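Structure file entry.csv with CSV, C-alpha atoms:
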chain,number,residue,atom,x,y,z
A,1127,MET,CA,110.5,85.9,45.5
A,1128,ALA,CA,106.8,86.3,46.1
A,1129,THR,CA,106.1,86.0,42.4
A,1130,THR,CA,107.5,82.4,42.1
A,1131,THR,CA,104.6,80.9,44.1
A,1132,PRO,CA,101.8,83.3,43.6
A,1133,THR,CA,99.1,80.8,44.7
A,1134,ALA,CA,100.8,79.7,48.0
A,1135,LYS,CA,100.4,82.3,50.8
A,1136,PRO,CA,103.9,83.1,52.1
A,1137,ALA,CA,103.8,81.7,55.7
A,1138,PRO,CA,105.2,84.1,58.3
A,1139,ALA,CA,108.8,83.3,59.0
A,1140,HIS,CA,108.0,82.5,62.7
A,1141,GLU,CA,105.1,80.1,62.1
A,1142,HIS,CA,107.2,76.9,61.5
A,1143,GLY,CA,108.0,74.5,64.3
A,1144,HIS,CA,105.7,75.9,66.9
A,1145,GLU,CA,103.3,73.0,66.9
A,1146,ALA,CA,104.7,71.6,70.1
A,1147,HIS,CA,104.5,74.8,72.1
A,1148,GLY,CA,103.2,78.3,72.1
A,1149,ARG,CA,104.4,81.1,69.8
A,1150,GLU,CA,106.1,82.9,72.6
A,1151,LEU,CA,108.8,80.3,73.0
A,1152,ALA,CA,112.0,81.2,71.1
A,1153,HIS,CA,113.7,78.3,69.4
A,1154,HIS,CA,117.0,78.5,71.2
A,1155,PHE,CA,115.2,77.7,74.5
A,1156,GLU,CA,114.2,74.2,75.6
A,1157,SER,CA,111.1,75.2,77.5
A,1158,ALA,CA,109.1,78.3,78.5
A,1159,GLN,CA,110.4,77.8,82.0
A,1160,GLN,CA,114.0,78.0,80.9
A,1161,GLN,CA,113.2,81.0,78.8
A,1162,LYS,CA,111.7,82.8,81.8
A,1163,GLU,CA,114.6,81.9,84.0
A,1164,THR,CA,117.0,83.3,81.4
A,1165,ALA,CA,115.1,86.6,81.2
A,1166,THR,CA,115.0,86.9,85.0
A,1167,LEU,CA,118.7,86.4,85.2
A,1168,GLY,CA,119.2,89.0,82.5
A,1169,MET,CA,117.0,91.5,84.4
A,1170,TRP,CA,119.0,90.8,87.6
A,1171,VAL,CA,122.2,91.6,85.7
A,1172,PHE,CA,120.7,95.0,84.9
A,1173,LEU,CA,119.4,95.5,88.4
A,1174,VAL,CA,123.0,95.0,89.7
A,1175,THR,CA,124.1,98.0,87.5
A,1176,GLU,CA,121.2,100.0,89.0
A,1177,ILE,CA,122.3,99.1,92.5
A,1178,MET,CA,125.8,100.3,91.6
A,1179,LEU,CA,124.3,103.6,90.2
A,1180,PHE,CA,122.5,104.4,93.4
A,1181,GLY,CA,125.4,102.9,95.3
A,1182,GLY,CA,127.6,105.8,94.3
A,1183,ILE,CA,125.1,108.2,95.8
A,1184,PHE,CA,124.9,106.1,99.0
A,1185,MET,CA,128.7,106.1,99.2
A,1186,ALA,CA,128.8,109.9,99.0
A,1187,TYR,CA,126.1,110.0,101.6
A,1188,ILE,CA,128.0,107.7,104.0
A,1189,VAL,CA,131.2,109.8,103.7
A,1190,TYR,CA,129.5,113.2,104.3
A,1191,ARG,CA,127.2,112.1,107.0
A,1192,TRP,CA,130.0,110.4,108.9
A,1193,ALA,CA,132.1,113.6,108.5
A,1194,PHE,CA,129.4,116.1,109.4
A,1195,PRO,CA,126.8,114.5,111.7
A,1196,ASP,CA,125.7,117.8,113.2
A,1197,VAL,CA,125.0,119.4,109.9
A,1198,TRP,CA,123.0,116.3,109.0
A,1199,ALA,CA,120.9,116.4,112.2
A,1200,GLU,CA,120.0,120.0,111.7
A,1201,ALA,CA,119.4,120.0,108.0
A,1202,ALA,CA,117.1,116.9,108.1
A,1203,HIS,CA,114.6,118.7,110.4
A,1204,HIS,CA,113.4,120.8,107.5
A,1205,LEU,CA,112.2,117.8,105.5
A,1206,ASN,CA,108.5,116.8,105.6
A,1207,THR,CA,108.8,113.5,107.5
A,1208,PRO,CA,105.0,112.7,107.6
A,1209,LEU,CA,104.8,113.0,103.8
A,1210,GLY,CA,107.9,110.9,103.5
A,1211,ALA,CA,106.3,108.2,105.7
A,1212,VAL,CA,103.1,108.3,103.7
A,1213,ASN,CA,105.1,107.8,100.5
A,1214,THR,CA,107.0,104.8,102.0
A,1215,VAL,CA,103.6,103.2,102.8
A,1216,VAL,CA,102.4,104.0,99.2
A,1217,LEU,CA,105.4,102.3,97.7
A,1218,LEU,CA,105.2,99.3,100.0
A,1219,VAL,CA,101.6,98.8,99.0
A,1220,SER,CA,102.4,99.1,95.4
A,1221,SER,CA,105.1,96.4,95.8
A,1222,LEU,CA,102.4,94.1,97.2
A,1223,THR,CA,100.1,94.9,94.2
A,1224,VAL,CA,102.9,94.1,91.8
A,1225,ALA,CA,103.6,90.8,93.5
A,1226,LEU,CA,99.9,90.0,93.4
A,1227,ALA,CA,99.9,91.0,89.7
A,1228,VAL,CA,102.6,88.4,89.0
A,1229,ASN,CA,100.6,85.9,91.0
A,1230,ALA,CA,97.4,86.6,88.9
A,1231,ALA,CA,99.4,86.3,85.7
A,1232,GLU,CA,100.8,82.9,86.8
A,1233,GLU,CA,97.2,81.7,87.6
A,1234,GLY,CA,95.9,83.1,84.3
A,1235,ASN,CA,93.5,85.5,86.0
A,1236,ARG,CA,93.4,88.4,83.5
A,1237,ARG,CA,90.8,90.4,85.3
A,1238,ARG,CA,92.8,90.4,88.6
A,1239,LEU,CA,96.0,91.0,86.7
A,1240,LEU,CA,94.6,94.2,85.1
A,1241,THR,CA,93.1,95.3,88.5
A,1242,MET,CA,96.5,94.9,90.3
A,1243,LEU,CA,98.4,96.7,87.5
A,1244,GLY,CA,95.8,99.5,87.6
A,1245,ILE,CA,96.2,99.9,91.3
A,1246,THR,CA,100.0,99.9,90.9
A,1247,LEU,CA,99.7,102.8,88.4
A,1248,LEU,CA,97.5,104.8,90.8
A,1249,LEU,CA,99.9,104.3,93.7
A,1250,GLY,CA,102.9,105.2,91.6
A,1251,ALA,CA,101.2,108.4,90.4
A,1252,THR,CA,100.2,109.1,94.1
A,1253,PHE,CA,103.9,108.8,95.1
A,1254,LEU,CA,105.0,111.2,92.4
A,1255,VAL,CA,102.3,113.8,93.3
A,1256,ILE,CA,103.3,113.7,97.0
A,1257,LYS,CA,107.0,113.9,96.0
A,1258,GLY,CA,106.2,116.8,93.6
A,1259,PHE,CA,104.4,118.6,96.4
A,1260,GLU,CA,107.4,118.2,98.7
A,1261,TYR,CA,109.7,119.6,96.0
A,1262,SER,CA,107.4,122.5,95.2
A,1263,GLU,CA,107.3,123.4,98.9
A,1264,LYS,CA,111.1,123.9,98.8
A,1265,PHE,CA,111.0,125.8,95.6
A,1266,ALA,CA,108.0,128.0,96.8
A,1267,HIS,CA,110.1,128.9,99.9
A,1268,CYS,CA,112.9,130.0,97.6
A,1269,ALA,CA,110.5,132.3,95.8
A,1270,GLY,CA,109.4,133.7,99.2
A,1271,ALA,CA,105.9,132.1,99.3
A,1272,ALA,CA,104.7,130.3,102.4
A,1273,ASP,CA,103.5,127.2,100.4
A,1274,PRO,CA,103.1,126.1,96.8
A,1275,VAL,CA,99.5,127.3,96.6
A,1276,ALA,CA,100.5,130.7,97.8
A,1277,TRP,CA,103.3,130.7,95.3
A,1278,VAL,CA,100.8,130.3,92.4
A,1279,THR,CA,98.1,132.6,93.8
A,1280,GLY,CA,100.4,135.2,95.2
A,1281,GLY,CA,99.1,134.5,98.7
A,1282,ALA,CA,100.9,134.3,102.1
A,1283,ARG,CA,104.6,135.2,102.1
A,1284,LEU,CA,107.2,133.4,104.1
A,1285,GLU,CA,108.1,135.3,107.3
A,1286,GLU,CA,111.7,134.3,107.4
A,1287,ARG,CA,114.0,133.9,104.4
A,1288,GLU,CA,114.6,130.3,103.6
A,1289,CYS,CA,115.8,128.5,100.5
A,1290,LEU,CA,116.8,124.8,100.7
A,1291,VAL,CA,117.3,124.3,97.0
A,1292,PRO,CA,121.1,124.1,96.5
A,1293,GLY,CA,122.6,127.0,94.6
A,1294,ARG,CA,123.7,130.6,95.0
A,1295,ASN,CA,120.4,131.5,96.8
A,1296,PHE,CA,120.6,128.8,99.4
A,1297,VAL,CA,119.7,130.1,102.8
A,1298,PHE,CA,119.4,127.8,105.8
A,1299,PRO,CA,117.0,129.3,108.4
A,1300,GLU,CA,119.1,130.5,111.3
A,1301,ALA,CA,116.4,130.6,114.0
A,1302,HIS,CA,115.0,127.1,113.3
A,1303,GLY,CA,118.5,125.7,112.9
A,1304,ALA,CA,119.5,127.0,116.4
A,1305,GLU,CA,116.2,125.8,117.9
A,1306,GLY,CA,116.6,122.4,116.4
A,1307,SER,CA,120.2,122.1,117.4
A,1308,LYS,CA,119.6,122.9,121.1
A,1309,GLY,CA,118.4,119.4,121.9
A,1310,ALA,CA,120.6,117.6,119.5
A,1311,GLY,CA,123.6,119.7,120.4
A,1312,ALA,CA,123.2,119.2,124.1
A,1313,ALA,CA,122.5,115.5,123.7
A,1314,HIS,CA,125.3,114.7,121.4
A,1315,GLY,CA,127.9,117.1,122.6
A,1316,ALA,CA,129.0,120.0,120.5
A,1317,GLU,CA,132.7,119.5,120.8
A,1318,ALA,CA,133.2,119.8,117.1
A,1319,GLY,CA,131.5,123.2,117.2
A,1320,HIS,CA,128.4,123.9,115.3
A,1321,ALA,CA,128.7,125.1,111.8
A,1322,GLN,CA,127.4,128.7,111.6
A,1323,PRO,CA,124.4,129.1,109.3
A,1324,GLN,CA,125.5,130.8,106.2
A,1325,ALA,CA,123.8,131.9,103.0
A,1326,GLY,CA,124.8,130.8,99.5
A,1327,LEU,CA,127.4,128.3,98.4
A,1328,GLY,CA,129.4,128.5,101.6
A,1329,SER,CA,126.6,127.0,103.7
A,1330,PRO,CA,127.5,123.5,104.9
A,1331,TYR,CA,123.8,122.5,105.0
A,1332,GLN,CA,123.7,122.6,101.2
A,1333,LEU,CA,125.5,119.3,101.1
A,1334,PHE,CA,122.6,117.5,102.7
A,1335,TYR,CA,120.1,119.1,100.3
A,1336,PHE,CA,122.3,118.5,97.3
A,1337,LEU,CA,122.4,114.8,98.1
A,1338,TYR,CA,118.6,114.8,98.9
A,1339,PHE,CA,117.7,116.3,95.6
A,1340,VAL,CA,120.1,114.1,93.6
A,1341,ALA,CA,119.0,110.9,95.3
A,1342,THR,CA,115.3,111.5,95.4
A,1343,GLY,CA,115.4,113.1,91.9
A,1344,LEU,CA,117.1,110.0,90.4
A,1345,HIS,CA,114.6,107.9,92.3
A,1346,ALA,CA,111.7,109.9,90.9
A,1347,VAL,CA,113.1,109.5,87.3
A,1348,HIS,CA,113.0,105.7,88.0
A,1349,MET,CA,109.4,106.0,89.2
A,1350,VAL,CA,108.5,107.7,85.9
A,1351,ILE,CA,110.2,104.9,83.9
A,1352,GLY,CA,108.5,102.3,86.2
A,1353,LEU,CA,105.1,103.9,85.5
A,1354,THR,CA,105.8,103.7,81.8
A,1355,ILE,CA,106.7,100.0,82.1
A,1356,VAL,CA,103.6,99.2,84.1
A,1357,SER,CA,101.5,101.1,81.6
A,1358,VAL,CA,102.9,99.0,78.7
A,1359,LEU,CA,102.3,95.8,80.8
A,1360,THR,CA,98.7,96.8,81.4
A,1361,PHE,CA,98.3,97.3,77.7
A,1362,ILE,CA,99.7,93.9,76.7
A,1363,ALA,CA,97.8,92.2,79.5
A,1364,TRP,CA,94.6,93.9,78.2
A,1365,ARG,CA,95.5,92.6,74.7
A,1366,GLY,CA,95.7,89.1,76.1
A,1367,VAL,CA,99.4,88.5,75.5
A,1368,ILE,CA,100.0,87.3,79.0
A,1369,THR,CA,99.2,83.7,79.7
A,1370,PRO,CA,100.1,81.2,82.5
A,1371,THR,CA,102.8,79.9,80.2
A,1372,TYR,CA,104.1,83.3,79.2
A,1373,TYR,CA,104.1,86.0,81.9
A,1374,THR,CA,107.8,86.9,81.7
A,1375,PRO,CA,107.1,90.6,81.0
A,1376,ILE,CA,105.0,90.9,84.2
A,1377,GLU,CA,107.7,89.1,86.2
A,1378,VAL,CA,110.6,91.1,84.8
A,1379,GLY,CA,108.7,94.5,85.0
A,1380,GLY,CA,107.8,93.6,88.5
A,1381,LEU,CA,111.5,93.1,89.4
A,1382,TYR,CA,112.2,96.7,88.3
A,1383,TRP,CA,109.3,98.0,90.4
A,1384,HIS,CA,110.5,96.2,93.5
A,1385,LEU,CA,114.0,97.6,93.0
A,1386,ILE,CA,112.6,101.2,93.0
A,1387,ASP,CA,110.8,100.3,96.2
A,1388,ILE,CA,114.0,99.0,97.8
A,1389,ILE,CA,115.9,102.2,96.9
A,1390,TRP,CA,113.2,104.2,98.7
A,1391,VAL,CA,113.3,101.9,101.7
A,1392,PHE,CA,116.8,103.2,102.2
A,1393,LEU,CA,116.3,106.8,101.1
A,1394,PHE,CA,113.5,107.3,103.6
A,1395,PRO,CA,115.4,106.6,106.9
A,1396,LEU,CA,118.6,108.2,105.5
A,1397,PHE,CA,117.0,111.5,104.7
A,1398,TYR,CA,113.8,111.9,106.7
A,1399,LEU,CA,114.7,110.0,109.9
A,1400,VAL,CA,118.0,111.7,111.0
A,1401,HIS,CA,118.8,112.9,114.5
B,1368,MET,CA,112.4,56.4,99.5
B,1369,ALA,CA,108.9,57.7,98.7
B,1370,LYS,CA,110.4,61.1,98.2
B,1371,THR,CA,112.9,59.8,95.6
B,1372,SER,CA,110.1,58.2,93.6
B,1373,THR,CA,108.0,61.3,93.7
B,1374,THR,CA,110.9,63.3,92.4
B,1375,ALA,CA,111.5,60.8,89.6
B,1376,ALA,CA,107.9,60.9,88.6
B,1377,HIS,CA,108.1,64.7,88.7
B,1378,GLY,CA,111.1,64.7,86.4
B,1379,ALA,CA,109.5,62.4,83.9
B,1380,ARG,CA,106.4,64.5,83.7
B,1381,ASP,CA,108.4,67.7,83.4
B,1382,ALA,CA,110.3,66.1,80.5
B,1383,HIS,CA,107.0,65.0,79.0
B,1384,ASP,CA,105.1,68.2,78.8
B,1385,ALA,CA,107.9,70.7,79.5
B,1386,HIS,CA,106.4,73.2,77.0
B,1387,THR,CA,103.0,73.5,78.6
B,1388,GLU,CA,103.0,72.6,82.3
B,1389,HIS,CA,105.4,73.5,85.1
B,1390,ALA,CA,104.1,71.8,88.1
B,1391,GLY,CA,107.6,71.4,89.4
B,1392,HIS,CA,108.1,75.2,89.4
B,1393,ALA,CA,108.3,76.5,93.0
B,1394,HIS,CA,105.6,79.0,93.7
B,1395,ILE,CA,104.9,81.7,96.3
B,1396,SER,CA,101.3,81.8,97.5
B,1397,ARG,CA,99.2,84.9,97.9
B,1398,GLY,CA,98.9,84.2,101.6
B,1399,THR,CA,102.7,84.5,101.9
B,1400,TYR,CA,102.6,87.8,100.0
B,1401,TYR,CA,100.0,89.2,102.5
B,1402,LYS,CA,102.2,88.0,105.4
B,1403,VAL,CA,105.3,89.6,104.0
B,1404,PHE,CA,103.4,92.8,103.4
B,1405,ALA,CA,102.2,92.8,107.0
B,1406,ALA,CA,105.8,92.3,108.2
B,1407,LEU,CA,106.9,95.2,106.0
B,1408,MET,CA,104.2,97.5,107.5
B,1409,VAL,CA,105.3,96.5,111.1
B,1410,LEU,CA,108.9,97.2,110.2
B,1411,MET,CA,107.9,100.6,108.7
B,1412,ALA,CA,106.0,101.5,111.9
B,1413,LEU,CA,109.1,100.4,114.0
B,1414,THR,CA,111.5,102.6,112.1
B,1415,VAL,CA,109.3,105.7,112.4
B,1416,GLY,CA,108.6,104.8,116.0
B,1417,ALA,CA,112.3,104.4,116.8
B,1418,TRP,CA,113.0,107.8,115.2
B,1419,TRP,CA,110.2,109.4,117.2
B,1420,ILE,CA,111.5,108.0,120.5
B,1421,GLU,CA,115.1,109.0,119.6
B,1422,GLY,CA,113.8,112.6,119.3
B,1423,MET,CA,112.8,112.6,123.0
B,1424,ILE,CA,115.6,110.6,124.7
B,1425,ALA,CA,119.3,111.0,124.1
B,1426,LEU,CA,120.6,108.0,122.3
B,1427,PRO,CA,124.1,107.6,120.8
B,1428,ARG,CA,123.8,108.6,117.1
B,1429,LEU,CA,125.5,105.4,116.0
B,1430,LEU,CA,122.8,103.4,117.7
B,1431,GLY,CA,120.0,105.3,115.9
B,1432,VAL,CA,121.6,104.8,112.5
B,1433,THR,CA,122.2,101.1,113.3
B,1434,ILE,CA,118.5,100.6,114.2
B,1435,ALA,CA,117.3,102.4,111.1
B,1436,MET,CA,119.7,100.5,108.8
B,1437,ALA,CA,118.9,97.1,110.4
B,1438,ILE,CA,115.2,97.7,109.8
B,1439,ALA,CA,115.9,98.8,106.1
B,1440,ILE,CA,118.0,95.8,105.5
B,1441,ALA,CA,115.3,93.5,107.0
B,1442,LYS,CA,112.7,95.1,104.7
B,1443,THR,CA,114.9,94.7,101.7
B,1444,THR,CA,115.6,91.1,102.5
B,1445,LEU,CA,111.9,90.4,102.7
B,1446,ILE,CA,111.2,92.2,99.4
B,1447,ILE,CA,114.1,90.4,97.6
B,1448,LEU,CA,113.3,86.9,98.9
B,1449,TYR,CA,109.5,86.9,98.5
B,1450,PHE,CA,108.3,89.7,96.3
B,1451,MET,CA,111.2,89.3,93.8
B,1452,HIS,CA,111.0,85.5,94.1
B,1453,VAL,CA,114.7,85.1,94.7
B,1454,LYS,CA,113.9,82.5,97.3
B,1455,VAL,CA,112.5,80.2,94.6
B,1456,SER,CA,114.7,81.3,91.7
B,1457,GLU,CA,117.5,79.3,90.2
B,1458,ARG,CA,121.0,79.5,91.7
B,1459,ALA,CA,122.5,81.8,89.1
B,1460,THR,CA,119.8,84.5,89.8
B,1461,GLN,CA,120.4,84.2,93.6
B,1462,LEU,CA,124.2,84.6,93.0
B,1463,TYR,CA,123.6,87.8,91.0
B,1464,ALA,CA,121.2,89.2,93.6
B,1465,GLY,CA,123.8,88.6,96.3
B,1466,ALA,CA,126.7,89.8,94.2
B,1467,ALA,CA,125.1,93.3,93.9
B,1468,PHE,CA,125.4,93.9,97.6
B,1469,VAL,CA,128.8,92.3,97.9
B,1470,GLY,CA,129.9,94.7,95.2
B,1471,PHE,CA,128.5,97.7,97.1
B,1472,ALA,CA,130.2,96.5,100.3
B,1473,ILE,CA,133.5,96.3,98.5
B,1474,MET,CA,133.1,99.9,97.3
B,1475,VAL,CA,132.3,101.1,100.8
B,1476,ILE,CA,135.2,99.2,102.4
B,1477,ILE,CA,137.8,100.4,99.9
B,1478,THR,CA,136.6,104.1,99.9
B,1479,MET,CA,136.4,104.3,103.7
B,1480,ALA,CA,139.8,102.5,104.1
B,1481,ASP,CA,141.2,105.3,101.9
B,1482,TYR,CA,139.6,108.0,104.0
B,1483,PHE,CA,140.8,106.4,107.2
B,1484,ALA,CA,144.4,106.2,105.8
B,1485,ARG,CA,144.2,110.0,105.4
B,1486,GLY,CA,143.0,110.6,108.9
B,1487,TRP,CA,139.4,110.1,110.1
B,1488,PRO,CA,137.4,111.9,111.5
B,1489,PRO,CA,138.5,114.7,109.2
B,1490,PRO,CA,139.5,118.1,110.6
B,1491,PRO,CA,136.8,120.8,110.5
B,1492,GLY,CA,136.1,122.3,107.1
B,1493,PRO,CA,135.7,120.7,103.7
B,1494,LEU,CA,137.0,117.2,103.2
B,1495,PRO,CA,140.5,116.9,101.6

What is this structure when it is put down as structure tokens?
Amino acid sequence: MATTTPTAKPAPAHEHGHEAHGRELAHHFESAQQQKETATLGMWVFLVTEIMLFGGIFMAYIVYRWAFPDVWAEAAHHLNTPLGAVNTVVLLVSSLTVALAVNAAEEGNRRRLLTMLGITLLLGATFLVIKGFEYSEKFAHCAGAADPVAWVTGGARLEERECLVPGRNFVFPEAHGAEGSKGAGAAHGAEAGHAQPQAGLGSPYQLFYFLYFVATGLHAVHMVIGLTIVSVLTFIAWRGVITPTYYTPIEVGGLYWHLIDIIWVFLFPLFYLVH
Amino acid sequence: MAKTSTTAAHGARDAHDAHTEHAGHAHISRGTYYKVFAALMVLMALTVGAWWIEGMIALPRLLGVTIAMAIAIAKTTLIILYFMHVKVSERATQLYAGAAFVGFAIMVIITMADYFARGWPPPPGPLP
């Protein structure tokens, strides 16, 4: 094929017919606006499936919390609420920076776009570091260390046996549980009878921590995917692919990031703010 | 009358340079983003504050959950409408965004209806 016209440079297949508009507009769309709306709708279809994925976890949560409210109230006292609150703020700020990134892309301000995407990456990483610390605290307790640092350095040991990671070694601290339940039990009435703290698979408190690790773990996986997406967006924005006519990647990637934020907006009160 | 002529002119211009300019495209300003963010921070403080107060006074558990969920739903609505631009998106997108939550509501209603049909609250011990 190429030998038939050796003098004429074979034009790239996609060059033709783009005189009237930019290269980014595919031919089956009438305008860049229509193309962007179509991509947005497609992303929303995917987000619906994401909501149904997390929806299953929320459904399980509703059933078990409704059935065992006392177990929930006692178990939740052992989560680190201040760190959870800090993480909520971190994610809300990152949602703002993503919204501002879309705005910068719309206005064709490449410098502001790159800054906002960069801040988003930092905030996303901060969230994962804090979440990782919370997880490692729970795992350190299972190993008998007082905190993650002591776990690594062989420092202070935990005074009382406690392991909140679901599994055969699960131990819900009895003293703390009784202490925490005094107020809650008196206030809410203990007519159903408090579940006795038990070790291992028989402990009812395991249900709360099982849902906690599954829900926040799946959310953390989404954070990692979101960080990858924002990294790619930063790269293509740096390459100059994003223009005021074509900023669909920023818009659609932003939708994903906001969805992760929305999931956390529900996870935070459901796991950290329970009485 | 004036409004109609403006719209007509708008349409003509859109048709003219549809490939390059989109003056007709609704747009959320940066000022709005900052206001929405401020509202989200206030709601965040409210939900933690409500939890803190509930730790000191005896409130019915249902009320506490209702407050927390109402605040979470308010935050979600703000994020979806403004940060996710659903307020200025086309109707099909708005329909899908709404459908997700209707779908979730259907799942909750059918599941809980089944549990209630088997007797709720359940007897002590693991669920049947």

Point to revise | Exercise: region 1272-1279 of chain A partners within 10 Å, all atoms listed in the file, chain neighbours under 6 positions left out, as a ChimeraX atom specification | key: /A:1259-1266,1285-1286,1288

Contacts between chain A and chain B, please, where a residue of chain B counts if it comes within 7 Å (with all atoms listed in the file); show its shortest atom pair and distance in Å to one decimal, rows by chain and ascending number, as CSV.
residue,atom,partner,partner_atom,distance
B:Ala1385,CA,A:Ser1157,CA,5.9
B:His1386,CA,A:Ser1157,CA,5.1
B:Thr1387,CA,A:Thr1371,CA,6.6
B:Arg1397,CA,A:Leu1226,CA,6.8
B:Tyr1400,CA,A:Leu1222,CA,6.9
B:Phe1404,CA,A:Leu1222,CA,6.4
B:Trp1418,CA,A:Leu1399,CA,6.0
B:Gly1422,CA,A:His1401,CA,6.9
B:Ala1425,CA,A:Ala1313,CA,5.5
B:Ala1435,CA,A:Pro1395,CA,6.2
B:Ala1439,CA,A:Phe1392,CA,5.9
B:Thr1443,CA,A:Ile1388,CA,5.9
B:Phe1450,CA,A:Ala1225,CA,5.6
B:Met1451,CA,A:Leu1381,CA,5.8
B:Thr1460,CA,A:Leu1167,CA,5.1
B:Tyr1463,CA,A:Trp1170,CA,6.5
B:Ala1464,CA,A:Trp1170,CA,6.6
B:Ala1467,CA,A:Val1174,CA,5.0
B:Phe1471,CA,A:Gly1181,CA,6.3
B:Val1475,CA,A:Met1185,CA,6.4
B:Pro1488,CA,A:Ala1193,CA,6.3
B:Pro1489,CA,A:Ala1193,CA,6.5

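The residue that comes closest to Thr1399 (chain B), out of B:Gly1416, B:Thr1444, B:His1452, B:Gly1470 and on the basis of all atoms listed in the file, is B:His1452.
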
Practice item. Within 9 Å of region 1356-1362 of chain A, counting all atoms listed in the file, which residues show up once you throw out same-chain ones fewer than 5 positions away? Write them as a list in words, please. Key: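 Near region 1356-1362 of chain A, the qualifying residues are Leu1239, Leu1240, Leu1243, Gly1244, Thr1246, Leu1247, Ile1351, Val1367, Ile1368, Pro1375, Ile1376, Gly1379, Gly1380 and Trp1383 of chain A.
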
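Shortest separation to Thr1342 (chain A) among A:Ala1201, A:Ile1386, A:Ala1363, A:Leu1290 occurs at residue A:Ile1386, atoms counted being only C-alpha atoms.
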
**Study point:** Atom pair CA of Ala1202 (chain A) / CA of Ile1446 (chain B): separation (Å)
**Key:**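 It comes out at 26.8 Å.
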
Practice item. Provide the CA of Ile1355 (chain A) to CA of Ala1459 (chain B) distance in Å, to one decimal place. Key: 25.1 Å

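Our summary of the geometry notes that CA of Tyr1331 (chain A) is positioned 14.2 Å from CA of Pro1491 (chain B).
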
For region 1369-1376 of chain A, take all atoms listed in the file, fit an axis-aligned box around them, add 3 Å to each of the six sides, then output centre and edge lengths in Å rounded to one decimal, as JSON.
{"center_x": 103.5, "center_y": 85.4, "center_z": 81.7, "size_x": 14.6, "size_y": 17.0, "size_z": 11.0}
